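One file, target16.pdb, is given below (PDB, C-alpha atoms and all ligand atoms).
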```pdb
ATOM      1  CA  MET A   1     -14.911  57.293 -94.139
ATOM      2  CA  ALA A   2     -18.530  56.514 -95.128
ATOM      3  CA  CYS A   3     -20.903  57.336 -97.952
ATOM      4  CA  GLN A   4     -24.234  58.806 -96.814
ATOM      5  CA  ASP A   5     -26.778  60.413 -99.156
ATOM      6  CA  GLY A   6     -24.113  60.472-101.842
ATOM      7  CA  VAL A   7     -21.708  62.475 -99.657
ATOM      8  CA  MET A   8     -18.416  61.057 -98.471
ATOM      9  CA  THR A   9     -18.053  61.955 -94.834
ATOM     10  CA  ASP A  10     -15.919  61.099 -91.864
ATOM     11  CA  ARG A  11     -15.850  62.254 -88.270
ATOM     12  CA  ALA A  12     -13.715  65.276 -89.126
ATOM     13  CA  ASP A  13     -16.455  66.589 -91.460
ATOM     14  CA  VAL A  14     -18.896  67.069 -88.594
ATOM     15  CA  ARG A  15     -18.135  70.048 -86.384
ATOM     16  CA  ILE A  16     -19.770  70.692 -83.006
ATOM     17  CA  ARG A  17     -20.241  74.430 -82.475
ATOM     18  CA  PRO A  18     -22.586  76.874 -80.713
ATOM     19  CA  PHE A  19     -26.013  77.451 -82.278
ATOM     20  CA  GLU A  20     -26.311  80.398 -84.670
ATOM     21  CA  ALA A  21     -29.501  82.108 -85.889
ATOM     22  CA  ASP A  22     -29.103  80.557 -89.351
ATOM     23  CA  ASP A  23     -29.307  77.070 -87.793
ATOM     24  CA  ARG A  24     -32.915  77.644 -86.722
ATOM     25  CA  ASP A  25     -34.689  75.734 -89.523
ATOM     26  CA  GLY A  26     -32.184  72.883 -89.429
ATOM     27  CA  VAL A  27     -32.627  72.425 -85.687
ATOM     28  CA  LEU A  28     -36.412  72.690 -85.890
ATOM     29  CA  ALA A  29     -36.451  70.033 -88.619
ATOM     30  CA  LEU A  30     -34.976  67.591 -86.092
ATOM     31  CA  ALA A  31     -37.680  68.255 -83.460
ATOM     32  CA  SER A  32     -39.860  65.409 -84.781
ATOM     33  CA  ARG A  33     -37.133  62.943 -83.740
ATOM     34  CA  LEU A  34     -37.976  63.815 -80.126
ATOM     35  CA  THR A  35     -41.409  62.221 -80.520
ATOM     36  CA  GLU A  36     -40.145  58.770 -81.473
ATOM     37  CA  TRP A  37     -39.960  57.140 -78.059
ATOM     38  CA  VAL A  38     -42.760  58.913 -76.241
ATOM     39  CA  ALA A  39     -45.206  56.514 -74.583
ATOM     40  CA  ALA A  40     -47.756  55.144 -77.062
ATOM     41  CA  TRP A  41     -50.692  56.292 -74.928
ATOM     42  CA  ARG A  42     -49.834  59.991 -75.469
ATOM     43  CA  GLU A  43     -51.520  61.777 -78.381
ATOM     44  CA  PRO A  44     -49.044  62.052 -81.299
ATOM     45  CA  PRO A  45     -50.150  65.521 -82.525
ATOM     46  CA  ALA A  46     -49.852  66.916 -78.993
ATOM     47  CA  VAL A  47     -46.443  65.271 -78.575
ATOM     48  CA  LEU A  48     -45.169  66.834 -81.806
ATOM     49  CA  ARG A  49     -46.505  70.278 -80.836
ATOM     50  CA  ALA A  50     -44.789  69.987 -77.468
ATOM     51  CA  ALA A  51     -41.481  68.854 -78.987
ATOM     52  CA  GLN A  52     -41.483  71.740 -81.442
ATOM     53  CA  GLY A  53     -42.291  74.105 -78.576
ATOM     54  CA  TRP A  54     -39.392  72.821 -76.456
ATOM     55  CA  VAL A  55     -36.997  73.260 -79.354
ATOM     56  CA  ARG A  56     -38.265  76.771 -80.168
ATOM     57  CA  ASP A  57     -38.010  77.773 -76.496
ATOM     58  CA  SER A  58     -34.492  76.347 -76.205
ATOM     59  CA  MET A  59     -33.329  78.194 -79.316
ATOM     60  CA  ALA A  60     -34.857  81.431 -78.034
ATOM     61  CA  ALA A  61     -33.104  80.937 -74.685
ATOM     62  CA  ALA A  62     -29.753  79.990 -76.199
ATOM     63  CA  GLY A  63     -28.521  83.574 -75.948
ATOM     64  CA  GLN A  64     -29.074  83.667 -72.185
ATOM     65  CA  ASP A  65     -26.137  83.154 -69.882
ATOM     66  CA  ASP A  66     -27.517  80.003 -68.226
ATOM     67  CA  HIS A  67     -28.657  78.255 -71.428
ATOM     68  CA  ALA A  68     -26.795  76.859 -74.418
ATOM     69  CA  CYS A  69     -27.486  75.061 -77.665
ATOM     70  CA  PHE A  70     -24.819  73.286 -79.696
ATOM     71  CA  VAL A  71     -25.211  71.966 -83.199
ATOM     72  CA  ALA A  72     -23.422  69.254 -85.140
ATOM     73  CA  ALA A  73     -22.805  70.745 -88.563
ATOM     74  CA  ALA A  74     -21.684  69.012 -91.746
ATOM     75  CA  GLY A  75     -20.866  72.062 -93.818
ATOM     76  CA  ASP A  76     -24.088  74.104 -93.884
ATOM     77  CA  LEU A  77     -26.218  71.146 -92.854
ATOM     78  CA  VAL A  78     -27.385  70.797 -89.245
ATOM     79  CA  VAL A  79     -27.218  67.050 -88.524
ATOM     80  CA  GLY A  80     -27.731  67.152 -84.761
ATOM     81  CA  PHE A  81     -28.184  69.401 -81.766
ATOM     82  CA  VAL A  82     -28.233  69.426 -77.988
ATOM     83  CA  THR A  83     -29.584  71.977 -75.559
ATOM     84  CA  VAL A  84     -28.436  72.394 -71.972
ATOM     85  CA  CYS A  85     -29.259  74.791 -69.174
ATOM     86  CA  GLU A  86     -28.817  75.405 -65.479
ATOM     87  CA  GLN A  87     -31.602  74.022 -63.325
ATOM     88  CA  ARG A  88     -32.214  74.175 -59.580
ATOM     89  CA  HIS A  89     -32.407  70.720 -57.961
ATOM     90  CA  PHE A  90     -34.862  70.331 -55.064
ATOM     91  CA  THR A  91     -31.909  70.273 -52.678
ATOM     92  CA  GLY A  92     -31.143  73.811 -53.797
ATOM     93  CA  ALA A  93     -28.031  72.778 -55.716
ATOM     94  CA  LYS A  94     -27.628  73.994 -59.259
ATOM     95  CA  ASP A  95     -27.394  71.198 -61.853
ATOM     96  CA  ALA A  96     -26.849  71.262 -65.573
ATOM     97  CA  CYS A  97     -29.777  69.728 -67.436
ATOM     98  CA  VAL A  98     -29.781  68.395 -70.978
ATOM     99  CA  GLY A  99     -33.043  69.518 -72.587
ATOM    100  CA  GLU A 100     -33.258  68.142 -76.116
ATOM    101  CA  LEU A 101     -30.850  65.952 -78.064
ATOM    102  CA  ALA A 102     -31.398  64.690 -81.598
ATOM    103  CA  VAL A 103     -29.318  63.492 -84.521
ATOM    104  CA  SER A 104     -30.566  63.144 -88.095
ATOM    105  CA  LYS A 105     -31.382  59.524 -89.020
ATOM    106  CA  ALA A 106     -29.112  59.845 -92.053
ATOM    107  CA  TRP A 107     -26.179  60.580 -89.728
ATOM    108  CA  ALA A 108     -26.926  58.054 -86.977
ATOM    109  CA  GLY A 109     -24.347  55.737 -85.484
ATOM    110  CA  ARG A 110     -21.295  57.911 -86.066
ATOM    111  CA  GLY A 111     -20.757  59.091 -82.506
ATOM    112  CA  ILE A 112     -22.392  62.489 -83.108
ATOM    113  CA  ALA A 113     -24.737  62.254 -80.098
ATOM    114  CA  ARG A 114     -21.836  61.186 -77.923
ATOM    115  CA  ARG A 115     -19.878  64.272 -79.011
ATOM    116  CA  LEU A 116     -22.885  66.547 -78.460
ATOM    117  CA  VAL A 117     -23.481  65.238 -74.934
ATOM    118  CA  ARG A 118     -19.793  65.586 -74.102
ATOM    119  CA  THR A 119     -19.979  69.200 -75.318
ATOM    120  CA  ALA A 120     -22.913  69.823 -72.958
ATOM    121  CA  GLU A 121     -20.851  68.271 -70.154
ATOM    122  CA  THR A 122     -17.921  70.562 -70.974
ATOM    123  CA  TRP A 123     -20.310  73.537 -70.790
ATOM    124  CA  ALA A 124     -21.457  72.335 -67.346
ATOM    125  CA  ALA A 125     -17.894  71.849 -66.156
ATOM    126  CA  GLY A 126     -16.963  75.353 -67.305
ATOM    127  CA  ARG A 127     -19.755  76.747 -65.116
ATOM    128  CA  GLY A 128     -18.720  74.748 -62.053
ATOM    129  CA  LEU A 129     -21.918  72.660 -62.055
ATOM    130  CA  PRO A 130     -21.293  69.373 -60.226
ATOM    131  CA  PHE A 131     -23.993  67.245 -61.906
ATOM    132  CA  ILE A 132     -25.646  67.006 -65.291
ATOM    133  CA  THR A 133     -29.080  65.401 -65.593
ATOM    134  CA  VAL A 134     -31.338  64.314 -68.431
ATOM    135  CA  ALA A 135     -34.864  62.906 -68.648
ATOM    136  CA  THR A 136     -35.746  60.456 -71.374
ATOM    137  CA  GLY A 137     -38.507  58.002 -72.225
ATOM    138  CA  ALA A 138     -38.342  54.673 -70.409
ATOM    139  CA  ALA A 139     -38.647  52.886 -73.772
ATOM    140  CA  ASN A 140     -35.947  54.976 -75.467
ATOM    141  CA  THR A 141     -33.349  52.221 -75.737
ATOM    142  CA  PRO A 142     -30.882  54.154 -77.937
ATOM    143  CA  ALA A 143     -30.843  57.184 -75.636
ATOM    144  CA  ARG A 144     -30.667  55.070 -72.480
ATOM    145  CA  SER A 145     -27.790  53.089 -73.928
ATOM    146  CA  LEU A 146     -26.014  56.291 -74.978
ATOM    147  CA  TYR A 147     -26.318  57.859 -71.530
ATOM    148  CA  ALA A 148     -25.387  54.648 -69.717
ATOM    149  CA  SER A 149     -22.272  54.354 -71.851
ATOM    150  CA  LEU A 150     -21.351  57.911 -70.848
ATOM    151  CA  GLY A 151     -21.722  57.140 -67.133
ATOM    152  CA  TYR A 152     -25.256  58.402 -66.370
ATOM    153  CA  ARG A 153     -27.180  56.559 -63.627
ATOM    154  CA  GLU A 154     -30.894  56.495 -62.821
ATOM    155  CA  GLU A 155     -31.889  59.030 -60.168
ATOM    156  CA  ASP A 156     -35.708  59.354 -60.439
ATOM    157  CA  VAL A 157     -38.244  57.140 -62.184
ATOM    158  CA  GLN A 158     -41.662  58.414 -63.275
ATOM    159  CA  LEU A 159     -44.559  55.925 -63.101
ATOM    160  CA  THR A 160     -47.889  56.264 -64.947
ATOM    161  CA  LYS A 161     -51.219  54.452 -64.669
ATOM    162  CA  PRO A 162     -54.462  55.200 -66.516
ATOM    163  CA  VAL A 163     -57.247  56.441 -64.275
ATOM    164  CA  ALA A 164     -60.649  54.706 -64.573
ATOM    165  CA  GLN A 165     -63.000  57.566 -65.442
ATOM    166  CA  THR A 166     -66.121  58.171 -63.385
ATOM    167  CA  ARG A 167     -67.724  60.929 -65.483
TER     168      ARG A 167
HETATM  169  C1  LIG A 201     -30.383  58.773 -79.378
HETATM  170  C2  LIG A 201     -29.672  59.502 -80.537
HETATM  171  C3  LIG A 201     -29.462  60.971 -80.141
HETATM  172  C4  LIG A 201     -28.327  58.809 -80.805
HETATM  173  O1  LIG A 201     -27.638  59.536 -81.828
HETATM  174  P1  LIG A 201     -26.359  58.911 -82.603
HETATM  175  O2  LIG A 201     -25.535  60.041 -83.095
HETATM  176  O3  LIG A 201     -26.850  57.931 -83.601
HETATM  177  O4  LIG A 201     -25.610  58.146 -81.417
HETATM  178  P2  LIG A 201     -24.042  57.792 -81.355
HETATM  179  O5  LIG A 201     -23.595  57.343 -82.709
HETATM  180  O6  LIG A 201     -23.317  58.897 -80.703
HETATM  181  O7  LIG A 201     -24.080  56.504 -80.411
HETATM  182  C5  LIG A 201     -23.556  56.519 -79.108
HETATM  183  C6  LIG A 201     -24.158  55.387 -78.316
HETATM  184  O8  LIG A 201     -25.581  55.540 -78.227
HETATM  185  C7  LIG A 201     -26.222  54.260 -78.223
HETATM  186  N1  LIG A 201     -27.041  54.118 -79.421
HETATM  187  C8  LIG A 201     -27.131  54.973 -80.455
HETATM  188  N2  LIG A 201     -28.032  54.520 -81.360
HETATM  189  C9  LIG A 201     -28.524  53.353 -80.872
HETATM  190  C10 LIG A 201     -29.494  52.425 -81.336
HETATM  191  N3  LIG A 201     -30.179  52.604 -82.479
HETATM  192  N4  LIG A 201     -29.768  51.354 -80.559
HETATM  193  C11 LIG A 201     -29.126  51.165 -79.383
HETATM  194  N5  LIG A 201     -28.180  52.022 -78.890
HETATM  195  C12 LIG A 201     -27.883  53.100 -79.628
HETATM  196  C13 LIG A 201     -25.088  53.241 -78.216
HETATM  197  O9  LIG A 201     -24.722  53.016 -76.862
HETATM  198  C14 LIG A 201     -23.970  54.021 -78.910
HETATM  199  O10 LIG A 201     -22.688  53.543 -78.587
HETATM  200  P3  LIG A 201     -21.980  52.440 -79.572
HETATM  201  O11 LIG A 201     -21.948  53.070 -80.929
HETATM  202  O12 LIG A 201     -20.634  52.274 -78.947
HETATM  203  O13 LIG A 201     -22.866  51.247 -79.523
HETATM  204  C15 LIG A 201     -30.518  59.420 -81.855
HETATM  205  O14 LIG A 201     -30.885  58.088 -82.089
HETATM  206  C16 LIG A 201     -31.774  60.276 -81.844
HETATM  207  O15 LIG A 201     -31.751  61.433 -82.279
HETATM  208  N6  LIG A 201     -32.891  59.681 -81.362
HETATM  209  C17 LIG A 201     -34.176  60.390 -81.360
HETATM  210  C18 LIG A 201     -34.206  61.537 -80.364
HETATM  211  C19 LIG A 201     -33.905  61.060 -78.959
HETATM  212  O16 LIG A 201     -34.287  59.990 -78.540
HETATM  213  N7  LIG A 201     -33.209  61.930 -78.213
HETATM  214  C20 LIG A 201     -32.818  61.667 -76.859
HETATM  215  C21 LIG A 201     -33.816  62.260 -75.960
HETATM  216  S1  LIG A 201     -33.062  62.673 -74.423
END
```
What would you get if you wrote out this structure as structure tokens?
Amino acid sequence: MACQDGVMTDRADVRIRPFEADDRDGVLALASRLTEWVAAWREPPAVLRAAQGWVRDSMAAAGQDDHACFVAAAGDLVVGFVTVCEQRHFTGAKDACVGELAVSKAWAGRGIARRLVRTAETWAAGRGLPFITVATGAANTPARSLYASLGYREEDVQLTKPVAQTR
């Protein structure tokens, strides 16, 4: 058991369940966490706009058959969320793909992200999808460590170089 923000909590107090309409503001409030490990050369306001857009789109799609969003709830409080959907790999195979994952800073380090990702994996398994993929920032040490500990391996690596401008 731990004391966080004056509330005594333990693992049993945090429930992972499907997203509901009332969770919208709580999930959106976590969108800014998705900006934390984006490459420093990207414009912060544009990164935040994009992150909020991804989260809004994922919540809007959560009712569709091939999309899902799960929240970690401590009572009425949304303390984390994950989105997952079906995505076509270039080989033609259907994969599951984790879209966004975030946990409130106040609730970090309690295994909530691990439980959320495992829930996304269970969703994928229930749909017969053989692989689950996720893209994350190269510098995002916490996320990379989380995924590595859950058995994820690098498949593609994106490289970036600034272009010397000629106009
Ligand atoms: C990454 C994130 C989701 C982890 O959430 P969390 O609930 O604190 O993570 P957990 O408690 O489930 O930790 C599971 C594992 O993740 C890794 N991890 C989590 N936080 C870490 C940190 N600050 N530094 C290094 N590794 C970390 C560890 O491997 C940890 O296992 P351990 O506890 O046995 O060491 C959270 O830090 C977050 O929301 N970050 C910002 C958003 C983000 O980066 N999302 C991922 C984009 S794909």
I'd like to see the residues matched by the PyMOL selection byres (((chain A and resi 112-128) around 7) and not hetatm) on this file, and ideally I'd get them as a compact mmCIF listing (two decimals) with C-alpha atoms, in the frame of the given file.
```
# COMPACT_ATOMS: atom_id res chain seq x y z
CA ILE A 16 -19.77 70.69 -83.01
CA PHE A 81 -28.18 69.40 -81.77
CA VAL A 82 -28.23 69.43 -77.99
CA VAL A 84 -28.44 72.39 -71.97
CA ALA A 96 -26.85 71.26 -65.57
CA VAL A 103 -29.32 63.49 -84.52
CA ARG A 110 -21.30 57.91 -86.07
CA GLY A 111 -20.76 59.09 -82.51
CA LEU A 129 -21.92 72.66 -62.06
CA PRO A 130 -21.29 69.37 -60.23
CA ILE A 132 -25.65 67.01 -65.29
```
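Compared by their closest atoms to A:Asn140, and using all atoms listed in the file, the residues A:Gln52, A:Thr35, A:Thr91, A:Thr166 rank with A:Thr35 nearest.
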At most 9 Å from ligand LIG 201 (chain A) (all atoms listed in the file): residue list as a ChimeraX atom specification: /A:30-38,80-82,98-117,134-137,140-150
With C-alpha atoms retained, write the just-selected residues as a CSV table (one decimal), keeping the file's coordinate frame.
```
chain,number,residue,atom,x,y,z
A,30,LEU,CA,-35.0,67.6,-86.1
A,31,ALA,CA,-37.7,68.3,-83.5
A,32,SER,CA,-39.9,65.4,-84.8
A,33,ARG,CA,-37.1,62.9,-83.7
A,34,LEU,CA,-38.0,63.8,-80.1
A,35,THR,CA,-41.4,62.2,-80.5
A,36,GLU,CA,-40.1,58.8,-81.5
A,37,TRP,CA,-40.0,57.1,-78.1
A,38,VAL,CA,-42.8,58.9,-76.2
A,80,GLY,CA,-27.7,67.2,-84.8
A,81,PHE,CA,-28.2,69.4,-81.8
A,82,VAL,CA,-28.2,69.4,-78.0
A,98,VAL,CA,-29.8,68.4,-71.0
A,99,GLY,CA,-33.0,69.5,-72.6
A,100,GLU,CA,-33.3,68.1,-76.1
A,101,LEU,CA,-30.8,66.0,-78.1
A,102,ALA,CA,-31.4,64.7,-81.6
A,103,VAL,CA,-29.3,63.5,-84.5
A,104,SER,CA,-30.6,63.1,-88.1
A,105,LYS,CA,-31.4,59.5,-89.0
A,106,ALA,CA,-29.1,59.8,-92.1
A,107,TRP,CA,-26.2,60.6,-89.7
A,108,ALA,CA,-26.9,58.1,-87.0
A,109,GLY,CA,-24.3,55.7,-85.5
A,110,ARG,CA,-21.3,57.9,-86.1
A,111,GLY,CA,-20.8,59.1,-82.5
A,112,ILE,CA,-22.4,62.5,-83.1
A,113,ALA,CA,-24.7,62.3,-80.1
A,114,ARG,CA,-21.8,61.2,-77.9
A,115,ARG,CA,-19.9,64.3,-79.0
A,116,LEU,CA,-22.9,66.5,-78.5
A,117,VAL,CA,-23.5,65.2,-74.9
A,134,VAL,CA,-31.3,64.3,-68.4
A,135,ALA,CA,-34.9,62.9,-68.6
A,136,THR,CA,-35.7,60.5,-71.4
A,137,GLY,CA,-38.5,58.0,-72.2
A,140,ASN,CA,-35.9,55.0,-75.5
A,141,THR,CA,-33.3,52.2,-75.7
A,142,PRO,CA,-30.9,54.2,-77.9
A,143,ALA,CA,-30.8,57.2,-75.6
A,144,ARG,CA,-30.7,55.1,-72.5
A,145,SER,CA,-27.8,53.1,-73.9
A,146,LEU,CA,-26.0,56.3,-75.0
A,147,TYR,CA,-26.3,57.9,-71.5
A,148,ALA,CA,-25.4,54.6,-69.7
A,149,SER,CA,-22.3,54.4,-71.9
A,150,LEU,CA,-21.4,57.9,-70.8
```
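Of the listed residues A:Leu28, A:Ala39, A:Cys97, A:Ala164, the one whose atoms come nearest to A:Val79 is A:Leu28, with distances taken using all atoms listed in the file.
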Residue members of the PyMOL selection byres (((chain A and resi 21) around 10) and not hetatm) in the file shown, as a ChimeraX atom specification: /A:19-20,22-25,59-60,62
Å distance separating atom CA of A:Arg15 from atom CA of A:Ala68, one decimal place: 16.3 Å
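Note that the spacing between atom CA of A:Asp66 and atom CA of A:Gln87 amounts to 8.7 Å.
The gap separating atom CA of A:Ala29 from atom CA of A:Pro44 is 16.6 Å, in Å to one decimal.
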Quick one: axis-aligned box around all listed atoms of stretch 121-137 of chain A, 5 Å on every side, centre and edge lengths in Å to one decimal, written as lines of an AutoDock Vina configuration file.
```
center_x = -27.7
center_y = 67.4
center_z = -66.2
size_x = 31.5
size_y = 28.7
size_z = 22.0
```
Nearest to A:Lys94, chosen from A:Val78, A:Ala72, A:Arg17, A:Thr133, with only C-alpha atoms counted in the distances: A:Thr133
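Every residue that the PyMOL selection byres (((chain A and resi 156-158) around 10) and not hetatm) selects in this file is listed here: Ala135, Gly137, Ala138, Arg153, Glu154, Glu155, Leu159 and Thr160 of chain A.
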